[in-house]
>>> print(open('entry-v3.csv').read())   # CSV, N, CA and C atoms
chain,number,residue,atom,x,y,z
A,1,MET,N,-19.2,-108.9,67.3
A,1,MET,CA,-17.8,-109.1,67.2
A,1,MET,C,-17.2,-108.3,66.0
A,2,GLN,N,-17.9,-108.3,65.0
A,2,GLN,CA,-17.5,-107.6,63.8
A,2,GLN,C,-17.4,-106.1,64.1
A,3,LEU,N,-18.3,-105.6,64.8
A,3,LEU,CA,-18.4,-104.2,65.2
A,3,LEU,C,-17.2,-103.9,66.1
A,4,ILE,N,-16.8,-104.7,66.9
A,4,ILE,CA,-15.7,-104.5,67.8
A,4,ILE,C,-14.4,-104.5,67.0
A,5,GLU,N,-14.3,-105.4,66.0
A,5,GLU,CA,-13.1,-105.4,65.2
A,5,GLU,C,-13.0,-104.1,64.4
A,6,ARG,N,-14.1,-103.7,63.9
A,6,ARG,CA,-14.1,-102.5,63.1
A,6,ARG,C,-13.7,-101.3,63.9
A,7,GLN,N,-14.2,-101.2,65.1
A,7,GLN,CA,-13.9,-100.1,66.0
A,7,GLN,C,-12.4,-100.2,66.4
A,8,HIS,N,-11.9,-101.4,66.6
A,8,HIS,CA,-10.5,-101.6,67.0
A,8,HIS,C,-9.6,-101.2,65.8
A,9,ASN,N,-9.9,-101.5,64.6
A,9,ASN,CA,-9.2,-101.1,63.4
A,9,ASN,C,-9.2,-99.6,63.2
A,10,LEU,N,-10.4,-99.1,63.5
A,10,LEU,CA,-10.6,-97.6,63.4
A,10,LEU,C,-9.7,-96.9,64.4
A,11,ILE,N,-9.7,-97.4,65.6
A,11,ILE,CA,-8.8,-96.8,66.6
A,11,ILE,C,-7.3,-96.9,66.2
A,12,ILE,N,-6.9,-98.0,65.7
A,12,ILE,CA,-5.5,-98.2,65.3
A,12,ILE,C,-5.2,-97.3,64.1
A,13,ASN,N,-6.1,-97.1,63.2
A,13,ASN,CA,-5.9,-96.1,62.1
A,13,ASN,C,-5.8,-94.7,62.6
A,14,GLN,N,-6.6,-94.4,63.6
A,14,GLN,CA,-6.6,-93.1,64.1
A,14,GLN,C,-5.3,-92.8,64.9
A,15,ARG,N,-4.8,-93.9,65.6
A,15,ARG,CA,-3.5,-93.7,66.3
A,15,ARG,C,-2.4,-93.5,65.2
A,16,VAL,N,-2.4,-94.2,64.1
A,16,VAL,CA,-1.4,-94.0,63.1
A,16,VAL,C,-1.5,-92.5,62.5
A,17,HIS,N,-2.7,-92.1,62.3
A,17,HIS,CA,-2.8,-90.7,61.8
A,17,HIS,C,-2.3,-89.7,62.8
A,18,VAL,N,-2.7,-89.9,64.1
A,18,VAL,CA,-2.2,-89.0,65.2
A,18,VAL,C,-0.7,-89.0,65.3
A,19,SER,N,-0.1,-90.2,65.1
A,19,SER,CA,1.3,-90.3,65.2
A,19,SER,C,2.0,-89.6,64.0
A,20,GLN,N,1.4,-89.7,62.8
A,20,GLN,CA,1.9,-89.0,61.6
A,20,GLN,C,1.8,-87.5,61.8
A,21,ASN,N,0.7,-87.1,62.3
A,21,ASN,CA,0.4,-85.7,62.6
A,21,ASN,C,1.4,-85.1,63.6
A,22,GLN,N,1.7,-85.9,64.6
A,22,GLN,CA,2.6,-85.5,65.6
A,22,GLN,C,4.0,-85.3,65.0
A,23,CYS,N,4.4,-86.3,64.2
A,23,CYS,CA,5.7,-86.2,63.6
A,23,CYS,C,5.8,-85.0,62.7
A,24,ARG,N,4.7,-84.7,61.9
A,24,ARG,CA,4.7,-83.6,61.0
A,24,ARG,C,4.8,-82.3,61.9
A,25,MET,N,4.1,-82.3,63.0
A,25,MET,CA,4.1,-81.1,63.9
A,25,MET,C,5.5,-80.9,64.4
A,26,ILE,N,6.2,-81.9,64.8
A,26,ILE,CA,7.5,-81.7,65.3
A,26,ILE,C,8.4,-81.2,64.2
A,27,GLU,N,8.3,-81.7,63.0
A,27,GLU,CA,9.1,-81.2,61.8
A,27,GLU,C,8.8,-79.7,61.6
A,28,LEU,N,7.6,-79.3,61.6
A,28,LEU,CA,7.2,-77.9,61.4
A,28,LEU,C,7.7,-77.0,62.6
A,29,GLN,N,7.7,-77.5,63.8
A,29,GLN,CA,8.2,-76.8,64.9
A,29,GLN,C,9.7,-76.6,64.8
A,30,ASP,N,10.4,-77.6,64.3
A,30,ASP,CA,11.9,-77.5,64.1
A,30,ASP,C,12.1,-76.4,63.0
A,31,GLN,N,11.3,-76.4,61.9
A,31,GLN,CA,11.5,-75.4,60.9
A,31,GLN,C,11.2,-74.0,61.5
A,32,VAL,N,10.2,-73.8,62.3
A,32,VAL,CA,9.9,-72.5,62.9
A,32,VAL,C,11.1,-72.1,63.8
A,33,ILE,N,11.7,-73.0,64.6
A,33,ILE,CA,12.8,-72.7,65.4
A,33,ILE,C,14.0,-72.2,64.6
A,34,SER,N,14.3,-72.9,63.5
A,34,SER,CA,15.4,-72.6,62.6
A,34,SER,C,15.2,-71.2,62.0
A,35,LEU,N,13.9,-71.0,61.5
A,35,LEU,CA,13.6,-69.7,60.9
A,35,LEU,C,13.7,-68.5,61.9
A,36,GLN,N,13.3,-68.8,63.2
A,36,GLN,CA,13.4,-67.8,64.2
A,36,GLN,C,14.9,-67.5,64.5
A,37,GLU,N,15.8,-68.5,64.5
A,37,GLU,CA,17.2,-68.3,64.7
A,37,GLU,C,17.8,-67.5,63.6
A,38,ARG,N,17.4,-67.8,62.4
A,38,ARG,CA,17.9,-67.0,61.2
A,38,ARG,C,17.4,-65.5,61.3
A,39,LEU,N,16.1,-65.4,61.7
A,39,LEU,CA,15.6,-64.0,61.9
A,39,LEU,C,16.4,-63.2,63.0
A,40,LEU,N,16.7,-63.9,64.1
A,40,LEU,CA,17.4,-63.2,65.1
A,40,LEU,C,18.8,-62.8,64.7
A,41,SER,N,19.5,-63.7,64.0
A,41,SER,CA,20.8,-63.4,63.5
A,41,SER,C,20.8,-62.3,62.4
A,42,ALA,N,19.7,-62.3,61.6
A,42,ALA,CA,19.6,-61.2,60.6
A,42,ALA,C,19.4,-59.9,61.3
A,43,LYS,N,18.6,-59.9,62.4
A,43,LYS,CA,18.3,-58.7,63.1
A,43,LYS,C,19.6,-58.2,63.8
A,44,GLU,N,20.4,-59.1,64.3
A,44,GLU,CA,21.7,-58.7,64.9
A,44,GLU,C,22.6,-58.1,63.9
A,45,GLY,N,22.6,-58.8,62.7
A,45,GLY,CA,23.5,-58.2,61.6
A,45,GLY,C,23.0,-56.9,61.2
A,46,LEU,N,21.7,-56.7,61.1
A,46,LEU,CA,21.2,-55.4,60.7
A,46,LEU,C,21.5,-54.3,61.8
A,47,SER,N,21.4,-54.6,63.0
A,47,SER,CA,21.7,-53.7,64.1
A,47,SER,C,23.1,-53.3,64.1
A,48,LYS,N,24.0,-54.3,63.8
A,48,LYS,CA,25.4,-54.0,63.7
A,48,LYS,C,25.7,-53.1,62.5
A,49,ALA,N,25.1,-53.4,61.4
A,49,ALA,CA,25.2,-52.6,60.2
A,49,ALA,C,24.8,-51.2,60.4
A,50,LYS,N,23.7,-51.0,61.1
A,50,LYS,CA,23.2,-49.7,61.4
A,50,LYS,C,24.2,-48.9,62.3
A,51,GLU,N,24.7,-49.6,63.3
A,51,GLU,CA,25.7,-49.0,64.2
A,51,GLU,C,27.0,-48.6,63.4
A,52,VAL,N,27.4,-49.4,62.5
A,52,VAL,CA,28.6,-49.1,61.7
A,52,VAL,C,28.3,-47.9,60.8
A,53,SER,N,27.1,-48.0,60.2
A,53,SER,CA,26.7,-46.9,59.3
A,53,SER,C,26.6,-45.6,60.1
A,54,GLU,N,26.0,-45.5,61.3
A,54,GLU,CA,26.0,-44.3,62.1
A,54,GLU,C,27.3,-43.8,62.5
A,55,GLN,N,28.2,-44.7,62.9
A,55,GLN,CA,29.6,-44.3,63.2
A,55,GLN,C,30.3,-43.7,62.0
A,56,PHE,N,30.1,-44.4,60.9
A,56,PHE,CA,30.8,-43.9,59.6
A,56,PHE,C,30.2,-42.6,59.2
A,57,LYS,N,28.9,-42.4,59.4
A,57,LYS,CA,28.3,-41.1,59.1
A,57,LYS,C,28.8,-40.0,60.0
A,58,SER,N,28.9,-40.3,61.3
A,58,SER,CA,29.3,-39.3,62.2
A,58,SER,C,30.8,-38.9,62.0
A,59,GLU,N,31.6,-39.9,61.6
A,59,GLU,CA,33.0,-39.7,61.3
A,59,GLU,C,33.2,-38.8,60.1
A,60,ILE,N,32.4,-39.1,59.1
A,60,ILE,CA,32.4,-38.2,57.9
A,60,ILE,C,32.0,-36.8,58.2
A,61,VAL,N,30.9,-36.6,58.9
A,61,VAL,CA,30.4,-35.3,59.2
A,61,VAL,C,31.5,-34.6,60.1
A,62,ASN,N,32.1,-35.2,61.0
A,62,ASN,CA,33.1,-34.6,61.9
A,62,ASN,C,34.3,-34.2,61.1
A,63,SER,N,34.8,-35.1,60.2
A,63,SER,CA,36.0,-34.7,59.4
A,63,SER,C,35.7,-33.6,58.4
A,64,PHE,N,34.4,-33.6,57.9
A,64,PHE,CA,34.1,-32.6,56.9
A,64,PHE,C,34.0,-31.2,57.7
A,65,GLN,N,33.4,-31.2,58.9
A,65,GLN,CA,33.3,-30.0,59.6
A,65,GLN,C,34.7,-29.5,60.0
A,66,LYS,N,35.6,-30.4,60.4
A,66,LYS,CA,36.9,-30.0,60.8
A,66,LYS,C,37.6,-29.4,59.6
A,67,GLY,N,37.5,-30.0,58.4
A,67,GLY,CA,38.1,-29.5,57.2
A,67,GLY,C,37.6,-28.2,56.8
A,68,VAL,N,36.3,-28.0,56.9
A,68,VAL,CA,35.7,-26.7,56.5
A,68,VAL,C,36.1,-25.6,57.5
A,69,SER,N,36.0,-26.0,58.8
A,69,SER,CA,36.4,-24.9,59.8
A,69,SER,C,37.9,-24.5,59.6
A,70,SER,N,38.7,-25.5,59.4
A,70,SER,CA,40.1,-25.2,59.2
A,70,SER,C,40.4,-24.4,57.9
A,71,ALA,N,39.6,-24.7,56.9
A,71,ALA,CA,39.8,-23.9,55.6
A,71,ALA,C,39.2,-22.5,55.8
A,72,VAL,N,38.2,-22.3,56.5
A,72,VAL,CA,37.6,-21.0,56.7
A,72,VAL,C,38.5,-20.2,57.6
A,73,LYS,N,39.2,-20.8,58.6
A,73,LYS,CA,40.0,-20.0,59.5
A,73,LYS,C,41.3,-19.6,58.9
A,74,LYS,N,41.7,-20.1,57.7
A,74,LYS,CA,43.0,-19.8,57.1
A,74,LYS,C,42.9,-18.3,56.6
A,75,SER,N,44.0,-17.6,56.8
A,75,SER,CA,44.1,-16.3,56.2
A,75,SER,C,44.6,-16.4,54.8
A,76,PHE,N,44.6,-15.2,54.1
A,76,PHE,CA,45.1,-15.2,52.7
A,76,PHE,C,46.5,-15.7,52.6
A,77,SER,N,47.3,-15.2,53.6
A,77,SER,CA,48.7,-15.6,53.5
A,77,SER,C,48.9,-17.0,53.7
A,78,ASP,N,48.1,-17.7,54.6
A,78,ASP,CA,48.2,-19.1,54.8
A,78,ASP,C,47.8,-19.9,53.5
A,79,VAL,N,46.8,-19.4,52.8
A,79,VAL,CA,46.4,-20.0,51.6
A,79,VAL,C,47.5,-19.9,50.5
A,80,VAL,N,48.2,-18.7,50.5
A,80,VAL,CA,49.2,-18.5,49.5
A,80,VAL,C,50.4,-19.4,49.9
A,81,LYS,N,50.7,-19.5,51.1
A,81,LYS,CA,51.8,-20.3,51.6
A,81,LYS,C,51.6,-21.8,51.2
A,82,SER,N,50.4,-22.3,51.5
A,82,SER,CA,50.1,-23.7,51.2
A,82,SER,C,49.8,-24.0,49.7
A,83,SER,N,49.7,-22.9,48.9
A,83,SER,CA,49.4,-23.2,47.5
A,83,SER,C,50.6,-23.6,46.7
A,84,GLY,N,51.7,-23.5,47.3
A,84,GLY,CA,52.9,-24.0,46.6
A,84,GLY,C,53.9,-22.9,46.2
A,85,ILE,N,53.6,-21.7,46.6
A,85,ILE,CA,54.6,-20.6,46.3
A,85,ILE,C,55.6,-20.7,47.4
A,86,LYS,N,56.8,-21.3,47.1
A,86,LYS,CA,57.8,-21.4,48.2
A,86,LYS,C,58.9,-20.4,48.1
A,87,ASN,N,59.1,-19.9,46.9
A,87,ASN,CA,60.2,-18.9,46.6
A,87,ASN,C,59.7,-17.5,47.1
A,88,SER,N,60.5,-16.9,47.9
A,88,SER,CA,60.2,-15.6,48.4
A,88,SER,C,60.4,-14.5,47.3
A,89,ALA,N,61.2,-14.8,46.3
A,89,ALA,CA,61.5,-13.9,45.2
A,89,ALA,C,60.2,-13.8,44.3
A,90,ALA,N,59.4,-14.8,44.4
A,90,ALA,CA,58.2,-14.8,43.5
A,90,ALA,C,57.1,-13.9,44.0
A,91,THR,N,57.2,-13.6,45.3
A,91,THR,CA,56.2,-12.7,45.9
A,91,THR,C,56.6,-11.3,45.6
A,92,ILE,N,55.6,-10.4,45.4
A,92,ILE,CA,55.8,-9.0,45.0
A,92,ILE,C,55.6,-8.2,46.3
A,93,SER,N,56.6,-7.3,46.5
A,93,SER,CA,56.5,-6.4,47.7
A,93,SER,C,55.7,-5.2,47.3
A,94,THR,N,55.2,-4.5,48.3
A,94,THR,CA,54.4,-3.3,48.1
A,94,THR,C,55.3,-2.2,47.5
A,95,GLU,N,56.5,-2.1,47.9
A,95,GLU,CA,57.4,-1.1,47.4
A,95,GLU,C,57.6,-1.2,45.9
A,96,SER,N,57.8,-2.5,45.4
A,96,SER,CA,58.0,-2.6,44.0
A,96,SER,C,56.7,-2.3,43.2
A,97,ILE,N,55.5,-2.5,43.8
A,97,ILE,CA,54.3,-2.1,43.1
A,97,ILE,C,54.2,-0.6,43.1
A,98,LYS,N,54.6,0.1,44.2
A,98,LYS,CA,54.5,1.5,44.2
A,98,LYS,C,55.5,2.1,43.1
A,99,SER,N,56.6,1.6,43.0
A,99,SER,CA,57.6,2.1,42.1
A,99,SER,C,57.2,1.9,40.7
A,100,VAL,N,56.6,0.8,40.4
A,100,VAL,CA,56.1,0.5,39.0
A,100,VAL,C,54.9,1.5,38.7
A,101,ALA,N,54.0,1.7,39.7
A,101,ALA,CA,52.9,2.6,39.4
A,101,ALA,C,53.4,4.0,39.2
A,102,LYS,N,54.4,4.5,39.9
A,102,LYS,CA,55.0,5.8,39.7
A,102,LYS,C,55.6,5.9,38.3
A,103,GLN,N,56.3,4.9,37.9
A,103,GLN,CA,56.9,4.9,36.5
A,103,GLN,C,55.8,5.0,35.5
A,104,ILE,N,54.8,4.3,35.6
A,104,ILE,CA,53.7,4.4,34.7
A,104,ILE,C,53.1,5.7,34.6
A,105,VAL,N,52.8,6.3,35.8
A,105,VAL,CA,52.2,7.7,35.8
A,105,VAL,C,53.2,8.7,35.1
A,106,LEU,N,54.5,8.6,35.4
A,106,LEU,CA,55.4,9.5,34.8
A,106,LEU,C,55.5,9.3,33.3
A,107,GLU,N,55.5,8.1,32.8
A,107,GLU,CA,55.7,7.8,31.4
A,107,GLU,C,54.4,8.1,30.6
A,108,GLU,N,53.3,7.9,31.2
A,108,GLU,CA,52.1,8.0,30.4
A,108,GLU,C,51.4,9.3,30.7
A,109,GLU,N,51.8,10.0,31.7
A,109,GLU,CA,51.2,11.3,32.2
A,109,GLU,C,49.7,11.1,32.3
A,110,LEU,N,49.4,10.1,33.1
A,110,LEU,CA,48.0,9.9,33.3
A,110,LEU,C,47.3,11.0,34.1
A,111,GLY,N,48.1,11.8,34.8
A,111,GLY,CA,47.5,12.9,35.6
A,111,GLY,C,46.9,13.9,34.8
A,112,LYS,N,47.3,14.1,33.5
A,112,LYS,CA,46.8,15.1,32.6
A,112,LYS,C,45.5,14.7,31.9
A,113,ASN,N,45.4,13.4,31.6
A,113,ASN,CA,44.3,12.9,30.8
A,113,ASN,C,43.3,12.2,31.7
A,114,ILE,N,42.3,12.9,32.2
A,114,ILE,CA,41.3,12.4,33.0
A,114,ILE,C,40.0,12.4,32.3
A,115,MET,N,39.3,11.3,32.3
A,115,MET,CA,38.0,11.3,31.7
A,115,MET,C,37.0,11.0,32.8
A,116,ILE,N,36.0,11.9,32.9
A,116,ILE,CA,34.9,11.7,33.9
A,116,ILE,C,33.6,11.5,33.2
A,117,PHE,N,33.0,10.4,33.4
A,117,PHE,CA,31.8,10.1,32.8
A,117,PHE,C,30.6,10.5,33.6
A,118,GLY,N,29.6,11.0,33.0
A,118,GLY,CA,28.4,11.4,33.7
A,118,GLY,C,28.3,12.9,33.9
A,119,LEU,N,29.3,13.7,33.5
A,119,LEU,CA,29.2,15.1,33.6
A,119,LEU,C,28.5,15.7,32.4
A,120,CYS,N,27.8,16.7,32.6
A,120,CYS,CA,27.1,17.4,31.4
A,120,CYS,C,28.1,18.3,30.7
A,121,GLU,N,28.1,18.3,29.4
A,121,GLU,CA,28.9,19.2,28.6
A,121,GLU,C,28.2,20.5,28.3
A,122,GLU,N,29.0,21.5,28.3
A,122,GLU,CA,28.4,22.8,27.9
A,122,GLU,C,29.0,23.3,26.6
A,123,ASP,N,28.2,24.1,25.9
A,123,ASP,CA,28.7,24.6,24.7
A,123,ASP,C,29.9,25.6,24.9
A,124,ASN,N,30.9,25.6,24.2
A,124,ASN,CA,32.1,26.5,24.3
A,124,ASN,C,32.7,26.5,25.6
A,125,GLU,N,32.8,25.3,26.3
A,125,GLU,CA,33.4,25.3,27.6
A,125,GLU,C,34.9,25.1,27.4
A,126,ASN,N,35.7,25.7,28.3
A,126,ASN,CA,37.1,25.7,28.3
A,126,ASN,C,37.5,24.7,29.4
A,127,ILE,N,38.0,23.6,28.9
A,127,ILE,CA,38.4,22.5,29.9
A,127,ILE,C,39.6,22.8,30.7
A,128,CYS,N,40.5,23.5,30.2
A,128,CYS,CA,41.8,23.8,30.9
A,128,CYS,C,41.5,24.7,32.1
A,129,THR,N,40.5,25.6,32.1
A,129,THR,CA,40.3,26.5,33.2
A,129,THR,C,39.2,25.9,34.2
A,130,LYS,N,38.5,24.9,33.8
A,130,LYS,CA,37.4,24.4,34.6
A,130,LYS,C,38.0,23.5,35.7
A,131,SER,N,37.5,23.7,36.9
A,131,SER,CA,37.9,22.9,38.1
A,131,SER,C,36.7,22.0,38.5
A,132,PHE,N,37.1,20.9,39.0
A,132,PHE,CA,36.1,19.9,39.3
A,132,PHE,C,36.0,19.7,40.8
>>> encode(input="entry-v3.csv", output="structure tokens")
Amino acid sequence: MQLIERQHNLIINQRVHVSQNQCRMIELQDQVISLQERLLSAKEGLSKAKEVSEQFKSEIVNSFQKGVSSAVKKSFSDVVKSSGIKNSAATISTESIKSVAKQIVLEEELGKNIMIFGLCEEDNENICTKSF
């Protein structure tokens, strides 16, 4: 009889341990499920962040390419116009440049005084009669 009671008590103790282990197992499974949910939401957030990053990157590249291509396609006159020179009196015409150059030539007589570098000099050479 004593042996049967011991076996009976042992079985009851084992049932208690099994029950405790089952409760602990259920708690751990709940933790695993919540961690998996957090992992899935983090993955979704990461994928959304990657999509936004890729869109942002492509928009930056496109706008940069458009800006560079439009800047390269501009002519010199377009650049001058967009640089802020609005007054047409501030621009210099080719005729005014030509007239100023003619006045300088006449005043300074630059046609008579020419210096040519790299020519060999000769002894007793007459520069006035020499042709180049």
>>> atom_distance(input="entry-v3.csv", atom1="atom CA of Gln31 of chain A", atom2="atom N of Lys43 of chain A")
17.1 Å
>>> atom_distance(input="entry-v3.csv", atom1="atom C of Gln55 of chain A", atom2="atom CA of Gly67 of chain A")
16.9 Å
>>> atom_distance(input="entry-v3.csv", atom1="atom CA of Ser34 of chain A", atom2="atom CA of Ser19 of chain A")
22.8 Å
